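Asker: Sharing a structure below in structure tokens format, with a few things to ask.
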Amino acid sequence: MSKEKHIPERKCIGCQGRFPKSELIRVVRQPSGEVVLDTTSRAQGRGAYLCKSEGCLTAAHKKGRLRTALECVIPDEVYEALRKALV
């Protein structure tokens with residue numbers, strides 16, 4: 001029997017779909033309260049994941065899902081950084 005390698009999955013807060021962790025963008029509220037993009041997926045703090053699609057970012061922004069997931073106000077700079085990361 002061959003063992004299949006476990007691939008961690010996370011839920012996109014925009015479309016609510018489940019995807020491999022490596023295919024998503026992670027946004028983190030650090031212990032200091034700052035909200036940043038986590039390119040390494042190892043930053044400390046409360047994290048939320050988004051698909052690499054403009055539609056998911058728009059849905060998450062419009063419905064306040066990123067704010068709800070991270071339990072804080074999300075600065076406009078974070079949304080701009082996410083839009084740039086999608087390109």
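Residue numbering restarts at 1 in every chain; chains get A, B, ... in the order shown in the structure tokens, and ligands count up from 1 in that same order.
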Taking the DSSP assignment computed from this structure's backbone, write out as a list in words all residues of chain A that belong to strand (DSSP E).

Answerer: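 DSSP on the backbone gives strand (DSSP E) at Glu9, Arg10, Lys11, Arg18, Phe19, Pro20, Ile25, Arg26, Val27, Val28, Arg29, Val35, Val36, Leu37, Asp38, Arg46, Gly47, Ala48, Tyr49 and Leu50 of chain A.
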
Asker: Could those selected residues go to a file with N, CA and C atoms, as a PDB file, in the first residue's frame?

Answerer:
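What landed in selection_11.pdb:
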```
ATOM      1  N   GLU A   9      -5.523  21.721   4.096  1.00  0.00           N
ATOM      2  CA  GLU A   9      -6.481  22.570   3.401  1.00  0.00           C
ATOM      3  C   GLU A   9      -6.969  23.662   4.342  1.00  0.00           C
ATOM      4  N   ARG A  10      -7.326  24.786   3.738  1.00  0.00           N
ATOM      5  CA  ARG A  10      -7.891  25.895   4.489  1.00  0.00           C
ATOM      6  C   ARG A  10      -9.108  26.422   3.728  1.00  0.00           C
ATOM      7  N   LYS A  11      -9.947  27.147   4.428  1.00  0.00           N
ATOM      8  CA  LYS A  11     -11.179  27.678   3.841  1.00  0.00           C
ATOM      9  C   LYS A  11     -10.975  29.135   3.446  1.00  0.00           C
ATOM     10  N   ARG A  18     -12.859  25.168   0.042  1.00  0.00           N
ATOM     11  CA  ARG A  18     -11.677  24.586   0.689  1.00  0.00           C
ATOM     12  C   ARG A  18     -10.629  24.302  -0.367  1.00  0.00           C
ATOM     13  N   PHE A  19      -9.397  24.748  -0.101  1.00  0.00           N
ATOM     14  CA  PHE A  19      -8.304  24.621  -1.052  1.00  0.00           C
ATOM     15  C   PHE A  19      -7.025  24.248  -0.320  1.00  0.00           C
ATOM     16  N   PRO A  20      -6.048  23.684  -1.044  1.00  0.00           N
ATOM     17  CA  PRO A  20      -4.742  23.448  -0.413  1.00  0.00           C
ATOM     18  C   PRO A  20      -4.168  24.770   0.104  1.00  0.00           C
ATOM     19  N   ILE A  25      -3.779  32.947  -0.084  1.00  0.00           N
ATOM     20  CA  ILE A  25      -3.023  34.056   0.503  1.00  0.00           C
ATOM     21  C   ILE A  25      -3.447  34.180   1.960  1.00  0.00           C
ATOM     22  N   ARG A  26      -2.483  34.287   2.867  1.00  0.00           N
ATOM     23  CA  ARG A  26      -2.798  34.401   4.293  1.00  0.00           C
ATOM     24  C   ARG A  26      -2.633  35.846   4.744  1.00  0.00           C
ATOM     25  N   VAL A  27      -3.624  36.314   5.475  1.00  0.00           N
ATOM     26  CA  VAL A  27      -3.595  37.646   6.083  1.00  0.00           C
ATOM     27  C   VAL A  27      -3.586  37.421   7.589  1.00  0.00           C
ATOM     28  N   VAL A  28      -2.717  38.141   8.301  1.00  0.00           N
ATOM     29  CA  VAL A  28      -2.524  37.898   9.736  1.00  0.00           C
ATOM     30  C   VAL A  28      -2.696  39.177  10.548  1.00  0.00           C
ATOM     31  N   ARG A  29      -3.405  39.042  11.675  1.00  0.00           N
ATOM     32  CA  ARG A  29      -3.398  40.099  12.686  1.00  0.00           C
ATOM     33  C   ARG A  29      -2.355  39.685  13.704  1.00  0.00           C
ATOM     34  N   VAL A  35      -2.119  44.425  10.918  1.00  0.00           N
ATOM     35  CA  VAL A  35      -2.636  43.454   9.946  1.00  0.00           C
ATOM     36  C   VAL A  35      -1.720  43.473   8.728  1.00  0.00           C
ATOM     37  N   VAL A  36      -1.165  42.297   8.381  1.00  0.00           N
ATOM     38  CA  VAL A  36      -0.204  42.201   7.280  1.00  0.00           C
ATOM     39  C   VAL A  36      -0.463  40.948   6.445  1.00  0.00           C
ATOM     40  N   LEU A  37       0.071  40.957   5.225  1.00  0.00           N
ATOM     41  CA  LEU A  37       0.060  39.753   4.404  1.00  0.00           C
ATOM     42  C   LEU A  37       1.179  38.853   4.901  1.00  0.00           C
ATOM     43  N   ASP A  38       0.917  37.574   4.976  1.00  0.00           N
ATOM     44  CA  ASP A  38       1.909  36.607   5.448  1.00  0.00           C
ATOM     45  C   ASP A  38       2.369  35.768   4.257  1.00  0.00           C
ATOM     46  N   ARG A  46      -3.384  35.736  14.515  1.00  0.00           N
ATOM     47  CA  ARG A  46      -4.640  35.190  13.998  1.00  0.00           C
ATOM     48  C   ARG A  46      -4.652  35.360  12.484  1.00  0.00           C
ATOM     49  N   GLY A  47      -4.901  34.271  11.760  1.00  0.00           N
ATOM     50  CA  GLY A  47      -4.833  34.313  10.307  1.00  0.00           C
ATOM     51  C   GLY A  47      -6.158  34.017   9.630  1.00  0.00           C
ATOM     52  N   ALA A  48      -6.260  34.499   8.383  1.00  0.00           N
ATOM     53  CA  ALA A  48      -7.403  34.219   7.525  1.00  0.00           C
ATOM     54  C   ALA A  48      -6.854  33.993   6.123  1.00  0.00           C
ATOM     55  N   TYR A  49      -7.542  33.170   5.347  1.00  0.00           N
ATOM     56  CA  TYR A  49      -7.062  32.801   4.017  1.00  0.00           C
ATOM     57  C   TYR A  49      -8.020  33.267   2.934  1.00  0.00           C
ATOM     58  N   LEU A  50      -7.434  33.676   1.798  1.00  0.00           N
ATOM     59  CA  LEU A  50      -8.198  34.128   0.637  1.00  0.00           C
ATOM     60  C   LEU A  50      -7.683  33.448  -0.617  1.00  0.00           C
TER      61      LEU A  50
END
```

Asker: Can you tell me, as a list of chain:residue names, what residues are no more than 8 Å from Pro31 in chain A when counting only C-alpha atoms, ignoring any on the same chain fewer than 2 positions away?

Answerer: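 Contacts, in chain order: A:Arg29, A:Gly33, A:Glu34, A:Gln44, A:Gly45.
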
Asker: Suppose you want the space between CA of Glu77 in chain A and CA of His61 in chain A; what is it in Å?

Answerer: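 Separation between CA of Glu77 in chain A and CA of His61 in chain A: 12.4 Å.
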
Asker: Taking the chain letters and numbering used in this document, name the residues of chain A that DSSP puts in helix (DSSP H, G or I), as a list in words.

Answerer: Lys21, Ser22, Glu23, Glu54, Gly55, Cys56, Leu57, Thr58, Ala59, Ala60, His61, Lys62, Arg65, Leu66, Arg67, Thr68, Ala69, Leu70, Asp76, Glu77, Val78, Tyr79, Glu80, Ala81, Leu82, Arg83, Lys84, Ala85 and Leu86 of chain A

Asker: For Ile13 in chain A, which residue out of A:Ser32, A:Arg42, A:Ala69, A:Lys62 is the nearest one, using only C-alpha atoms?

Answerer: A:Ala69

Asker: For range 58-60 of chain A, please output as a PyMOL selection string all residues within 8 Å (counting only C-alpha atoms; exclusion window: fewer than 3 positions along the same chain).

Answerer: chain A and resi 13-15+54-55+63-66

Asker: Quick one: pull the distance between CA of Cys51 in chain A and CA of Glu23 in chain A, Å, one decimal.

Answerer: 7.1 Å

Asker: Please list as number ranges by chain every residue within 7 Å of Leu86 in chain A, counting only C-alpha atoms and excluding residues in the same chain fewer than 3 positions away.

Answerer: A: 52-53, 82-83
